[in-house]
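Student: This is the structure, below, for whatever I ask next.
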Amino acid sequence: MDKKFAEKYERIKKRYKPVIPYSEKLNEEEEKLNELLKKIIKEADSLYSVNDPYGIIEWKDDEDIHPKLYDFCYRLPKGGDLHAHDNTMIPLDKFTDIIIEYAMISLSGNTKGNLYTVFSADLPADAIKISEAIEKGILSREKLMDMLVISDDKEENGYWHRLEQLFSATGDFYNDIYIMEKIWEEGFRSCCEKGIILVEVRDWGSEDDLMNIIRDNTIREAYYRVRREYPDFLVRLIGCSGKDSENSVESSCETLRSMIRVSRIVKDEFDPEDPQDFIIGLDLGNEEDNSRPLSLYAQFLMSEEVRNSSLKLYLHCGESLRRENDSVVDAYIMDSYRVGHAMNLYRFPDLMKEYAKRKTAIEVCLMSNYRLGYVRDLRMHPALQYMISGIPISLCSDDGLFMTRAPMVDDFYSAIVCWDLNLGDIKALCRNSIIYSGLSDKEISRLMDAWQRQWNSFVSKQIKALES
Ligand SMILES: [Zn+2]
């Protein structure tokens with residue numbers, strides 16, 4: 001190619017670069033880490049064939065994982081997990097430890113695989129203590145974990161069907177506040193170990209104020225215990241009800257009404273001198289393609305009763321690939337402060353601009369979206385487009401227990417490899433999860449200071465680790 005032609009050609013070509021999402025400015029030390037990171041991302045990416053869809057970090061298969069990048073993701077100060085569900089934020093290995101100690105299991109008939117507490121009213125005749133079954137060699141820890149995972153080869157009836165099955169298999173537990181307290185405590189502790197400083201938990205409520213108060217007080221106790229070990233750690237709850245046919249519209253609204261009342265009673269009083277709101281918002285969940293449309297709840301969610309309650313909306317919406325699902329529009333009209341998923345927002349280009357203008361943050365749950373079949377190659381996940389369009393996003397775990405072995409670690413690993421993120425993007429994602437949290441301005445500023453301290457120490461340590 002002659003030199004003049006080549007120069008002109010390159011000049012034209014340079015106008016059309018792939019956009020790096022929304023990098024934060026980096027200081028000298030961060031730039032150094034960024035250079036080292038680029039190298040390991042390239043190595044990690046080369047472990048995948050370009051023609052294979054980039055899927056998920058599989059449970060038993062480590063060979064595709066770059067150990068240094070994985071360690072980077074584990075230690076990364078992630079900020080907040082803004083979309084975790086109360087009973088499923090604990091990772092599977094910790095959950096398994098608890099059920100081996102406390103649960104019984106049925107190993108035959110149509111209750112096969114279901115877990116029970118010793119006090120269960122529905123205990124089947126063949127139920128046996130899990131620890132005893134393992135001792136007798138009828139069951140192994142591995143097999144037990146395998147039973148609790150959604151995987152491609154087991155889901156003839158669809159992923160959501162399998163998820164519902166897992167919820168019902170573990171359902172008996174959710175009524176046992178003693179075991180749940182352990183599950184919540186270990187779930188919170190595991191967040192802290194993975195560099196998560198804030199969790200905003202979808203708290204599945206009922207119409208009964210007393211039940212809600214008992215559950216939320218117990219979650220709070222578990223949180224206080226972990227906060228004594230990790231003083232910067234914060235937990236907030238988002239009161240949640242369902243849109244599926246099990247609840248009438250009225251009863252779901254009643255549940256949210258109860259959560260409003262309870263929010264006035266149960267506060268975060270870890271620092272008695274400076275009590276804070278513990279319940280910060282409202283939401284409605286369930287599989288959207290098989291549930292009532294969000295618009296049926298609009299009148300209640302936009303009522304004075306909700307508006308005057310000081311609780312913001314954090315609505316699940318657009319967890320669907322279908323064109324007729326327009327809940328991303330409903331959430332916009334209802335002025336949802338943040339939204340969960342918004343997978344199909346890409347079908348509404350005008351609305352995307354409004355989300356960007358209003359800075360409505362999207363809680364993006366990569367492992368969950370993959371596991372539930374919404375996206376088969378995470379390199380094609382629409383959230384990358386949302387980032388490029390100026391919509392704030394943060395990475396979240398959703399129902400981490402059933403999705404992947406290290407919720408949030410695997411989500412970050414996949415995002416970094418699939419979207420080819422640089423350190424500035426990663427920093428922005430972590431900061432977003434504090435900036436767009438439901439905390440008060442004062443709490444955000446305190447938490448951001450704590451995060452910055454963690455980040456500075458992380459940057460120096462990672463430079464050493466990656467140079468070695
Ligand atoms: Zn969710």
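Going through the structure tokens in order, the chains are called A, B, and so on, while each chain numbers its residues from 1 and the ligands are numbered from 1 in the order shown.
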Can you pull out every residue within 9 Å of range 253-269 of chain A, counting only C-alpha atoms, but drop anything in the same chain fewer than 3 positions away, and send it as a ChimeraX atom specification?

Tutor: /A:205-210,212-213,216-217,220,224,235-236,238-241,248-250,272-284,297,300-301,305-306,309-311

Student: Go ahead and dump the residues you just picked, C-alpha atoms, as a PDB file, in the first residue's frame.

Tutor:
```pdb
ATOM      1  CA  GLY A 205     -42.955  -9.965  52.103  1.00  0.00           C
ATOM      2  CA  SER A 206     -46.468 -11.064  53.014  1.00  0.00           C
ATOM      3  CA  GLU A 207     -49.663  -9.230  53.928  1.00  0.00           C
ATOM      4  CA  ASP A 208     -48.991  -9.874  57.604  1.00  0.00           C
ATOM      5  CA  ASP A 209     -47.192  -6.992  59.357  1.00  0.00           C
ATOM      6  CA  LEU A 210     -46.053  -9.151  62.249  1.00  0.00           C
ATOM      7  CA  ASN A 212     -42.741  -9.039  58.020  1.00  0.00           C
ATOM      8  CA  ILE A 213     -41.427  -7.439  61.194  1.00  0.00           C
ATOM      9  CA  ASP A 216     -36.879  -8.105  58.747  1.00  0.00           C
ATOM     10  CA  ASN A 217     -35.688  -7.942  62.355  1.00  0.00           C
ATOM     11  CA  ARG A 220     -31.206  -7.046  60.547  1.00  0.00           C
ATOM     12  CA  TYR A 224     -25.537  -6.379  62.567  1.00  0.00           C
ATOM     13  CA  VAL A 235     -27.641  -3.758  54.168  1.00  0.00           C
ATOM     14  CA  ARG A 236     -30.879  -2.223  52.926  1.00  0.00           C
ATOM     15  CA  ILE A 238     -36.539  -3.445  49.121  1.00  0.00           C
ATOM     16  CA  GLY A 239     -39.998  -4.781  50.010  1.00  0.00           C
ATOM     17  CA  CYS A 240     -41.127  -7.136  47.290  1.00  0.00           C
ATOM     18  CA  SER A 241     -44.279  -8.936  46.198  1.00  0.00           C
ATOM     19  CA  SER A 248     -54.258 -11.324  43.197  1.00  0.00           C
ATOM     20  CA  VAL A 249     -53.318  -7.766  42.253  1.00  0.00           C
ATOM     21  CA  GLU A 250     -55.021  -6.579  45.429  1.00  0.00           C
ATOM     22  CA  PRO A 272     -28.190   4.313  67.844  1.00  0.00           C
ATOM     23  CA  GLU A 273     -27.126   7.965  67.628  1.00  0.00           C
ATOM     24  CA  ASP A 274     -27.783   8.039  63.897  1.00  0.00           C
ATOM     25  CA  PRO A 275     -30.660   5.689  62.910  1.00  0.00           C
ATOM     26  CA  GLN A 276     -31.228   5.199  59.161  1.00  0.00           C
ATOM     27  CA  ASP A 277     -33.995   3.749  56.997  1.00  0.00           C
ATOM     28  CA  PHE A 278     -33.605  -0.016  56.672  1.00  0.00           C
ATOM     29  CA  ILE A 279     -36.392  -0.600  54.156  1.00  0.00           C
ATOM     30  CA  ILE A 280     -35.830   1.795  51.283  1.00  0.00           C
ATOM     31  CA  GLY A 281     -38.121   0.730  48.462  1.00  0.00           C
ATOM     32  CA  LEU A 282     -40.767  -1.406  46.791  1.00  0.00           C
ATOM     33  CA  ASP A 283     -40.761  -3.857  43.897  1.00  0.00           C
ATOM     34  CA  LEU A 284     -42.729  -6.664  42.210  1.00  0.00           C
ATOM     35  CA  TYR A 297     -50.144  -2.215  39.573  1.00  0.00           C
ATOM     36  CA  PHE A 300     -51.294   1.728  43.416  1.00  0.00           C
ATOM     37  CA  LEU A 301     -47.605   2.341  42.734  1.00  0.00           C
ATOM     38  CA  GLU A 305     -49.986   6.430  49.602  1.00  0.00           C
ATOM     39  CA  VAL A 306     -46.775   5.203  47.940  1.00  0.00           C
ATOM     40  CA  SER A 309     -44.137   6.870  51.988  1.00  0.00           C
ATOM     41  CA  SER A 310     -40.470   7.857  51.397  1.00  0.00           C
ATOM     42  CA  LEU A 311     -39.965   4.468  49.689  1.00  0.00           C
TER      43      LEU A 311
END
```

Student: Would you name the residues within 8 Å of ligand 1, counting only C-alpha atoms and all ligand atoms, and put them as a list of chain:residue names?

Tutor: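 Using only C-alpha atoms and all ligand atoms, everything at most 8 Å from ligand 1 comes to A:His83, A:Ala84, A:His85, A:Arg202, A:Gly285, A:Asn286, A:His316, A:Gly340, A:His341, A:Asp398, A:Asp399.
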
Student: If we count only C-alpha atoms and set the cut-off at 9 Å, which residues sit around range 321-337 of chain A, ignoring sequence neighbours fewer than 5 positions away in its own chain? Please answer as an mmCIF file with all heavy atoms, in the first residue's frame.

Tutor:
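Once written, selection.cif looks like this:
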```cif
data_model
loop_
_atom_site.group_PDB
_atom_site.id
_atom_site.type_symbol
_atom_site.label_atom_id
_atom_site.label_comp_id
_atom_site.auth_asym_id
_atom_site.auth_seq_id
_atom_site.Cartn_x
_atom_site.Cartn_y
_atom_site.Cartn_z
ATOM 1 N N GLU A 288 -41.610 -12.583 34.049
ATOM 2 C CA GLU A 288 -42.502 -11.616 33.398
ATOM 3 C C GLU A 288 -43.320 -12.204 32.252
ATOM 4 O O GLU A 288 -44.455 -11.819 32.038
ATOM 5 C CB GLU A 288 -41.695 -10.428 32.888
ATOM 6 C CG GLU A 288 -41.222 -9.556 34.020
ATOM 7 C CD GLU A 288 -40.638 -8.247 33.526
ATOM 8 O OE1 GLU A 288 -41.117 -7.698 32.528
ATOM 9 O OE2 GLU A 288 -39.669 -7.803 34.161
ATOM 10 N N ASP A 289 -42.722 -13.145 31.501
ATOM 11 C CA ASP A 289 -43.463 -13.691 30.362
ATOM 12 C C ASP A 289 -44.645 -14.550 30.810
ATOM 13 O O ASP A 289 -45.488 -14.908 29.996
ATOM 14 C CB ASP A 289 -42.520 -14.503 29.460
ATOM 15 C CG ASP A 289 -41.588 -13.583 28.674
ATOM 16 O OD1 ASP A 289 -42.030 -12.478 28.303
ATOM 17 O OD2 ASP A 289 -40.425 -13.952 28.461
ATOM 18 N N PRO A 293 -49.109 -8.121 33.704
ATOM 19 C CA PRO A 293 -48.312 -6.947 33.305
ATOM 20 C C PRO A 293 -48.154 -5.959 34.460
ATOM 21 O O PRO A 293 -49.043 -5.827 35.301
ATOM 22 C CB PRO A 293 -49.127 -6.334 32.160
ATOM 23 C CG PRO A 293 -50.462 -6.972 32.190
ATOM 24 C CD PRO A 293 -50.371 -8.240 32.971
ATOM 25 N N LEU A 294 -47.027 -5.292 34.459
ATOM 26 C CA LEU A 294 -46.717 -4.322 35.514
ATOM 27 C C LEU A 294 -47.760 -3.193 35.575
ATOM 28 O O LEU A 294 -48.044 -2.639 36.631
ATOM 29 C CB LEU A 294 -45.308 -3.759 35.245
ATOM 30 C CG LEU A 294 -44.658 -2.853 36.273
ATOM 31 C CD1 LEU A 294 -44.610 -3.493 37.654
ATOM 32 C CD2 LEU A 294 -43.238 -2.480 35.827
ATOM 33 N N SER A 295 -48.350 -2.881 34.407
ATOM 34 C CA SER A 295 -49.291 -1.756 34.354
ATOM 35 C C SER A 295 -50.488 -1.958 35.295
ATOM 36 O O SER A 295 -51.096 -0.986 35.746
ATOM 37 C CB SER A 295 -49.784 -1.548 32.924
ATOM 38 O OG SER A 295 -50.277 -2.767 32.417
ATOM 39 N N ALA A 298 -50.045 -0.084 38.389
ATOM 40 C CA ALA A 298 -49.638 1.322 38.241
ATOM 41 C C ALA A 298 -50.407 2.244 39.187
ATOM 42 O O ALA A 298 -49.819 3.112 39.837
ATOM 43 C CB ALA A 298 -49.817 1.769 36.801
ATOM 44 N N LEU A 301 -49.009 1.901 42.619
ATOM 45 C CA LEU A 301 -47.605 2.341 42.734
ATOM 46 C C LEU A 301 -47.434 3.842 42.517
ATOM 47 O O LEU A 301 -46.453 4.436 42.946
ATOM 48 C CB LEU A 301 -46.719 1.554 41.757
ATOM 49 C CG LEU A 301 -46.578 0.059 42.069
ATOM 50 C CD1 LEU A 301 -45.828 -0.672 40.957
ATOM 51 C CD2 LEU A 301 -45.868 -0.179 43.404
ATOM 52 N N MET A 302 -48.437 4.463 41.818
ATOM 53 C CA MET A 302 -48.349 5.910 41.591
ATOM 54 C C MET A 302 -49.241 6.690 42.555
ATOM 55 O O MET A 302 -49.389 7.911 42.421
ATOM 56 C CB MET A 302 -48.735 6.231 40.142
ATOM 57 C CG MET A 302 -47.740 5.652 39.138
ATOM 58 S SD MET A 302 -48.297 5.805 37.436
ATOM 59 C CE MET A 302 -47.873 7.507 37.086
ATOM 60 N N LYS A 312 -38.809 4.463 47.560
ATOM 61 C CA LYS A 312 -38.723 4.616 46.101
ATOM 62 C C LYS A 312 -39.074 3.298 45.428
ATOM 63 O O LYS A 312 -39.084 2.247 46.074
ATOM 64 C CB LYS A 312 -37.286 4.987 45.713
ATOM 65 C CG LYS A 312 -36.848 6.355 46.188
ATOM 66 C CD LYS A 312 -35.394 6.562 45.753
ATOM 67 C CE LYS A 312 -34.808 7.802 46.398
ATOM 68 N NZ LYS A 312 -33.355 7.757 46.451
ATOM 69 N N LEU A 313 -39.290 3.365 44.114
ATOM 70 C CA LEU A 313 -39.581 2.131 43.367
ATOM 71 C C LEU A 313 -38.286 1.611 42.718
ATOM 72 O O LEU A 313 -37.483 2.382 42.182
ATOM 73 C CB LEU A 313 -40.617 2.400 42.277
ATOM 74 C CG LEU A 313 -41.968 2.919 42.768
ATOM 75 C CD1 LEU A 313 -42.916 3.121 41.583
ATOM 76 C CD2 LEU A 313 -42.598 1.965 43.783
ATOM 77 N N TYR A 314 -38.132 0.298 42.801
ATOM 78 C CA TYR A 314 -36.982 -0.381 42.185
ATOM 79 C C TYR A 314 -37.586 -1.551 41.421
ATOM 80 O O TYR A 314 -37.581 -2.685 41.915
ATOM 81 C CB TYR A 314 -36.021 -0.890 43.258
ATOM 82 C CG TYR A 314 -35.430 0.191 44.133
ATOM 83 C CD1 TYR A 314 -36.149 0.706 45.213
ATOM 84 C CD2 TYR A 314 -34.159 0.691 43.876
ATOM 85 C CE1 TYR A 314 -35.609 1.702 46.020
ATOM 86 C CE2 TYR A 314 -33.607 1.689 44.678
ATOM 87 C CZ TYR A 314 -34.339 2.189 45.744
ATOM 88 O OH TYR A 314 -33.800 3.171 46.545
ATOM 89 N N LEU A 315 -38.154 -1.288 40.266
ATOM 90 C CA LEU A 315 -39.018 -2.300 39.650
ATOM 91 C C LEU A 315 -38.265 -3.274 38.741
ATOM 92 O O LEU A 315 -37.468 -2.854 37.890
ATOM 93 C CB LEU A 315 -40.125 -1.605 38.853
ATOM 94 C CG LEU A 315 -41.067 -0.732 39.696
ATOM 95 C CD1 LEU A 315 -41.995 0.093 38.799
ATOM 96 C CD2 LEU A 315 -41.900 -1.597 40.657
ATOM 97 N N HIS A 316 -38.564 -4.562 38.916
ATOM 98 C CA HIS A 316 -38.173 -5.545 37.905
ATOM 99 C C HIS A 316 -38.945 -5.163 36.636
ATOM 100 O O HIS A 316 -40.173 -4.970 36.697
ATOM 101 C CB HIS A 316 -38.660 -6.945 38.303
ATOM 102 C CG HIS A 316 -37.749 -7.719 39.191
ATOM 103 N ND1 HIS A 316 -37.652 -7.494 40.525
ATOM 104 C CD2 HIS A 316 -36.915 -8.769 38.919
ATOM 105 C CE1 HIS A 316 -36.793 -8.368 41.055
ATOM 106 N NE2 HIS A 316 -36.328 -9.145 40.098
ATOM 107 N N ALA A 342 -34.239 -4.923 32.604
ATOM 108 C CA ALA A 342 -34.478 -4.130 31.384
ATOM 109 C C ALA A 342 -33.814 -4.764 30.158
ATOM 110 O O ALA A 342 -33.273 -4.070 29.300
ATOM 111 C CB ALA A 342 -34.002 -2.684 31.577
ATOM 112 N N MET A 343 -33.883 -6.089 30.074
ATOM 113 C CA MET A 343 -33.255 -6.807 28.949
ATOM 114 C C MET A 343 -33.752 -6.323 27.588
ATOM 115 O O MET A 343 -32.986 -6.217 26.650
ATOM 116 C CB MET A 343 -33.587 -8.308 29.048
ATOM 117 C CG MET A 343 -32.751 -9.116 29.983
ATOM 118 S SD MET A 343 -31.055 -9.308 29.445
ATOM 119 C CE MET A 343 -31.224 -10.306 27.995
ATOM 120 N N ASN A 344 -35.064 -6.090 27.499
ATOM 121 C CA ASN A 344 -35.597 -5.744 26.168
ATOM 122 C C ASN A 344 -35.731 -4.235 25.935
ATOM 123 O O ASN A 344 -36.422 -3.816 25.005
ATOM 124 C CB ASN A 344 -36.919 -6.478 25.897
ATOM 125 C CG ASN A 344 -38.073 -5.898 26.687
ATOM 126 O OD1 ASN A 344 -37.871 -5.068 27.569
ATOM 127 N ND2 ASN A 344 -39.302 -6.311 26.377
ATOM 128 N N LEU A 345 -35.045 -3.436 26.732
ATOM 129 C CA LEU A 345 -35.067 -1.979 26.514
ATOM 130 C C LEU A 345 -34.516 -1.615 25.135
ATOM 131 O O LEU A 345 -34.880 -0.595 24.554
ATOM 132 C CB LEU A 345 -34.269 -1.284 27.636
ATOM 133 C CG LEU A 345 -34.159 0.239 27.596
ATOM 134 C CD1 LEU A 345 -35.515 0.920 27.705
ATOM 135 C CD2 LEU A 345 -33.234 0.753 28.707
ATOM 136 N N ARG A 347 -35.340 -2.627 22.445
ATOM 137 C CA ARG A 347 -36.434 -2.524 21.468
ATOM 138 C C ARG A 347 -37.094 -1.150 21.465
ATOM 139 O O ARG A 347 -37.977 -0.886 20.663
ATOM 140 C CB ARG A 347 -37.503 -3.571 21.787
ATOM 141 C CG ARG A 347 -37.073 -5.005 21.506
ATOM 142 C CD ARG A 347 -38.262 -5.909 21.740
ATOM 143 N NE ARG A 347 -37.982 -7.304 21.468
ATOM 144 C CZ ARG A 347 -38.082 -7.874 20.265
ATOM 145 N NH1 ARG A 347 -38.431 -7.144 19.207
ATOM 146 N NH2 ARG A 347 -37.838 -9.151 20.108
ATOM 147 N N PHE A 348 -36.710 -0.298 22.433
ATOM 148 C CA PHE A 348 -37.355 1.013 22.593
ATOM 149 C C PHE A 348 -36.293 2.117 22.535
ATOM 150 O O PHE A 348 -35.943 2.712 23.564
ATOM 151 C CB PHE A 348 -38.069 1.077 23.945
ATOM 152 C CG PHE A 348 -39.098 0.005 24.176
ATOM 153 C CD1 PHE A 348 -38.722 -1.282 24.584
ATOM 154 C CD2 PHE A 348 -40.451 0.270 23.989
ATOM 155 C CE1 PHE A 348 -39.667 -2.274 24.798
ATOM 156 C CE2 PHE A 348 -41.403 -0.721 24.209
ATOM 157 C CZ PHE A 348 -41.017 -1.995 24.611
ATOM 158 N N LEU A 351 -36.961 5.403 24.271
ATOM 159 C CA LEU A 351 -37.004 5.267 25.729
ATOM 160 C C LEU A 351 -35.579 5.144 26.301
ATOM 161 O O LEU A 351 -35.303 5.646 27.394
ATOM 162 C CB LEU A 351 -37.829 4.027 26.093
ATOM 163 C CG LEU A 351 -38.221 3.886 27.553
ATOM 164 C CD1 LEU A 351 -39.117 5.034 27.997
ATOM 165 C CD2 LEU A 351 -38.932 2.555 27.797
ATOM 166 N N GLU A 354 -34.398 8.409 27.115
ATOM 167 C CA GLU A 354 -34.999 8.945 28.347
ATOM 168 C C GLU A 354 -34.330 8.342 29.588
ATOM 169 O O GLU A 354 -34.106 9.036 30.574
ATOM 170 C CB GLU A 354 -36.512 8.665 28.393
ATOM 171 C CG GLU A 354 -37.319 9.345 27.291
ATOM 172 C CD GLU A 354 -37.155 10.862 27.308
ATOM 173 O OE1 GLU A 354 -37.112 11.449 28.406
ATOM 174 O OE2 GLU A 354 -37.047 11.460 26.216
ATOM 175 N N TYR A 355 -34.050 7.033 29.531
ATOM 176 C CA TYR A 355 -33.356 6.401 30.661
ATOM 177 C C TYR A 355 -32.003 7.070 30.874
ATOM 178 O O TYR A 355 -31.575 7.300 31.996
ATOM 179 C CB TYR A 355 -33.153 4.895 30.398
ATOM 180 C CG TYR A 355 -34.292 4.009 30.870
ATOM 181 C CD1 TYR A 355 -35.567 4.130 30.329
ATOM 182 C CD2 TYR A 355 -34.098 3.035 31.854
ATOM 183 C CE1 TYR A 355 -36.608 3.306 30.747
ATOM 184 C CE2 TYR A 355 -35.130 2.203 32.280
ATOM 185 C CZ TYR A 355 -36.384 2.341 31.716
ATOM 186 O OH TYR A 355 -37.396 1.534 32.140
ATOM 187 N N LYS A 359 -30.996 9.321 34.020
ATOM 188 C CA LYS A 359 -30.003 8.536 34.787
ATOM 189 C C LYS A 359 -30.688 7.437 35.603
ATOM 190 O O LYS A 359 -30.404 7.259 36.798
ATOM 191 C CB LYS A 359 -29.149 9.439 35.692
ATOM 192 C CG LYS A 359 -28.280 10.426 34.929
ATOM 193 C CD LYS A 359 -27.035 9.745 34.392
ATOM 194 C CE LYS A 359 -26.209 10.625 33.473
ATOM 195 N NZ LYS A 359 -25.639 9.944 32.322
ATOM 196 N N THR A 360 -31.610 6.743 34.965
ATOM 197 C CA THR A 360 -32.238 5.594 35.621
ATOM 198 C C THR A 360 -31.278 4.417 35.494
ATOM 199 O O THR A 360 -31.049 3.919 34.390
ATOM 200 C CB THR A 360 -33.573 5.244 34.927
ATOM 201 O OG1 THR A 360 -34.403 6.401 34.928
ATOM 202 C CG2 THR A 360 -34.283 4.104 35.646
ATOM 203 N N ALA A 361 -30.715 4.010 36.618
ATOM 204 C CA ALA A 361 -29.709 2.940 36.566
ATOM 205 C C ALA A 361 -30.381 1.583 36.371
ATOM 206 O O ALA A 361 -31.480 1.339 36.865
ATOM 207 C CB ALA A 361 -28.887 2.940 37.842
ATOM 208 N N TYR A 374 -31.975 -16.039 28.638
ATOM 209 C CA TYR A 374 -32.286 -14.809 27.895
ATOM 210 C C TYR A 374 -31.177 -14.431 26.916
ATOM 211 O O TYR A 374 -31.412 -13.721 25.950
ATOM 212 C CB TYR A 374 -32.514 -13.634 28.858
ATOM 213 C CG TYR A 374 -33.759 -13.804 29.682
ATOM 214 C CD1 TYR A 374 -33.692 -14.148 31.021
ATOM 215 C CD2 TYR A 374 -35.017 -13.660 29.100
ATOM 216 C CE1 TYR A 374 -34.838 -14.334 31.775
ATOM 217 C CE2 TYR A 374 -36.168 -13.842 29.846
ATOM 218 C CZ TYR A 374 -36.066 -14.187 31.181
ATOM 219 O OH TYR A 374 -37.199 -14.379 31.917
ATOM 220 N N TYR A 436 -25.735 5.099 42.610
ATOM 221 C CA TYR A 436 -27.152 4.849 42.301
ATOM 222 C C TYR A 436 -27.807 3.917 43.325
ATOM 223 O O TYR A 436 -28.835 3.310 43.054
ATOM 224 C CB TYR A 436 -27.305 4.313 40.875
ATOM 225 C CG TYR A 436 -26.814 5.331 39.871
ATOM 226 C CD1 TYR A 436 -25.534 5.256 39.331
ATOM 227 C CD2 TYR A 436 -27.613 6.413 39.532
ATOM 228 C CE1 TYR A 436 -25.059 6.226 38.458
ATOM 229 C CE2 TYR A 436 -27.149 7.388 38.655
ATOM 230 C CZ TYR A 436 -25.872 7.287 38.124
ATOM 231 O OH TYR A 436 -25.417 8.260 37.273
ATOM 232 N N GLY A 438 -29.715 3.159 47.005
ATOM 233 C CA GLY A 438 -30.864 3.848 47.619
ATOM 234 C C GLY A 438 -30.498 4.545 48.920
ATOM 235 O O GLY A 438 -31.384 4.912 49.695
#
```

Student: Taking 5 positions as the minimum chain separation for residues in the same chain, which residues sit within 10 Å of Glu132 in chain A when counting only C-alpha atoms? Answer as a PyMOL selection string.

Tutor: chain A and resi 100-101+104+137-139

Student: Hey, can you check how far CA of Gly424 in chain A sits from CA of Leu26 in chain A?

Tutor: 6.4 Å

Student: Can you pull out the residues contacting range 42-45 of chain A? Cut-off 9 Å, using only C-alpha atoms, and skip same-chain residues under 3 positions away; I want them as a PyMOL selection string.

Tutor: chain A and resi 37-39+48-50+64-67+69+417-418+420

Student: For C-alpha atoms, I'd like the residues from the last selection saved as a compact mmCIF listing (two decimals), in the first residue's frame.

Tutor:
```
# COMPACT_ATOMS: atom_id res chain seq x y z
CA LEU A 37 -4.86 -5.89 33.21
CA LYS A 38 -5.07 -5.52 29.41
CA LYS A 39 -2.54 -8.29 29.07
CA TYR A 48 -12.40 -19.10 24.43
CA SER A 49 -12.89 -19.96 20.82
CA VAL A 50 -14.26 -16.96 18.93
CA ASP A 64 -11.35 -21.90 30.82
CA ILE A 65 -10.65 -19.61 33.74
CA HIS A 66 -7.61 -17.34 33.90
CA PRO A 67 -6.48 -17.64 37.55
CA LEU A 69 -8.02 -12.46 36.31
CA VAL A 417 -13.81 -10.54 29.25
CA CYS A 418 -16.92 -10.26 27.09
CA ASP A 420 -13.31 -5.98 26.93
```

Student: Which residues are near Glu193 in chain A? Cut-off 10 Å, only C-alpha atoms, ignore same chain within fewer than 2 positions. Put them as a VMD selection string.

Tutor: chain A and resid 74 to 75 77 188 to 191 195 to 197 230

Student: Export C-alpha atoms of the chosen residues as a PDB file, in the first residue's frame?

Tutor:
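Contents of result28.pdb, freshly written:
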```
ATOM      1  CA  TYR A  74     -12.608 -11.914  43.591  1.00  0.00           C
ATOM      2  CA  ARG A  75     -10.623  -9.205  45.374  1.00  0.00           C
ATOM      3  CA  PRO A  77     -13.849  -3.804  45.730  1.00  0.00           C
ATOM      4  CA  PHE A 188     -23.722 -11.203  54.101  1.00  0.00           C
ATOM      5  CA  ARG A 189     -20.331 -12.460  55.314  1.00  0.00           C
ATOM      6  CA  SER A 190     -19.593 -13.895  51.906  1.00  0.00           C
ATOM      7  CA  CYS A 191     -20.411 -10.505  50.326  1.00  0.00           C
ATOM      8  CA  GLY A 195     -15.335  -6.943  48.458  1.00  0.00           C
ATOM      9  CA  ILE A 196     -19.030  -6.023  48.505  1.00  0.00           C
ATOM     10  CA  ILE A 197     -19.684  -3.177  50.888  1.00  0.00           C
ATOM     11  CA  TYR A 230     -16.830  -5.353  58.756  1.00  0.00           C
TER      12      TYR A 230
END
```

Student: So which residues of range 325-454 of chain A fall under helix (DSSP H, G or I) by DSSP, listed as an MDAnalysis selection string?

Tutor: chainID A and resid 327:333 343:347 349:358 366:371 378:380 383:388 400:403 409:418 423:435 441:454

Student: Can you pull out every residue within 12 Å of Glu246 in chain A, counting only C-alpha atoms, but drop anything in the same chain fewer than 6 positions away, and send it as JSON, numbers by chain?

Tutor: {"A": [252, 286, 290, 291, 292]}

Student: Only all heavy atoms, please: the residues just picked out, written as an mmCIF file, in the first residue's frame.

Tutor:
```cif
data_model
loop_
_atom_site.group_PDB
_atom_site.id
_atom_site.type_symbol
_atom_site.label_atom_id
_atom_site.label_comp_id
_atom_site.auth_asym_id
_atom_site.auth_seq_id
_atom_site.Cartn_x
_atom_site.Cartn_y
_atom_site.Cartn_z
ATOM 1 N N SER A 252 -51.143 -8.484 46.286
ATOM 2 C CA SER A 252 -49.759 -7.998 46.131
ATOM 3 C C SER A 252 -49.635 -6.559 46.626
ATOM 4 O O SER A 252 -48.643 -6.201 47.269
ATOM 5 C CB SER A 252 -49.326 -8.064 44.665
ATOM 6 O OG SER A 252 -49.274 -9.398 44.266
ATOM 7 N N ASN A 286 -41.207 -12.015 39.864
ATOM 8 C CA ASN A 286 -41.710 -13.188 39.110
ATOM 9 C C ASN A 286 -41.393 -13.134 37.618
ATOM 10 O O ASN A 286 -41.107 -12.076 37.082
ATOM 11 C CB ASN A 286 -43.220 -13.408 39.258
ATOM 12 C CG ASN A 286 -43.627 -13.890 40.638
ATOM 13 O OD1 ASN A 286 -44.459 -13.276 41.286
ATOM 14 N ND2 ASN A 286 -43.020 -14.957 41.096
ATOM 15 N N ASN A 290 -44.690 -14.896 32.097
ATOM 16 C CA ASN A 290 -45.808 -15.695 32.605
ATOM 17 C C ASN A 290 -46.517 -15.031 33.769
ATOM 18 O O ASN A 290 -47.131 -15.697 34.587
ATOM 19 C CB ASN A 290 -45.296 -17.069 33.080
ATOM 20 C CG ASN A 290 -45.150 -18.019 31.926
ATOM 21 O OD1 ASN A 290 -46.008 -18.057 31.042
ATOM 22 N ND2 ASN A 290 -44.062 -18.758 31.902
ATOM 23 N N SER A 291 -46.416 -13.724 33.849
ATOM 24 C CA SER A 291 -47.034 -13.024 34.981
ATOM 25 C C SER A 291 -47.924 -11.900 34.476
ATOM 26 O O SER A 291 -47.968 -11.615 33.295
ATOM 27 C CB SER A 291 -45.965 -12.412 35.886
ATOM 28 O OG SER A 291 -45.175 -13.405 36.453
ATOM 29 N N ARG A 292 -48.597 -11.269 35.421
ATOM 30 C CA ARG A 292 -49.448 -10.134 35.047
ATOM 31 C C ARG A 292 -48.569 -8.959 34.620
ATOM 32 O O ARG A 292 -47.450 -8.786 35.123
ATOM 33 C CB ARG A 292 -50.268 -9.688 36.248
ATOM 34 C CG ARG A 292 -51.263 -10.711 36.726
ATOM 35 C CD ARG A 292 -52.257 -10.043 37.670
ATOM 36 N NE ARG A 292 -53.214 -11.022 38.107
ATOM 37 C CZ ARG A 292 -53.015 -11.826 39.145
ATOM 38 N NH1 ARG A 292 -51.900 -11.737 39.836
ATOM 39 N NH2 ARG A 292 -53.930 -12.700 39.481
#
```
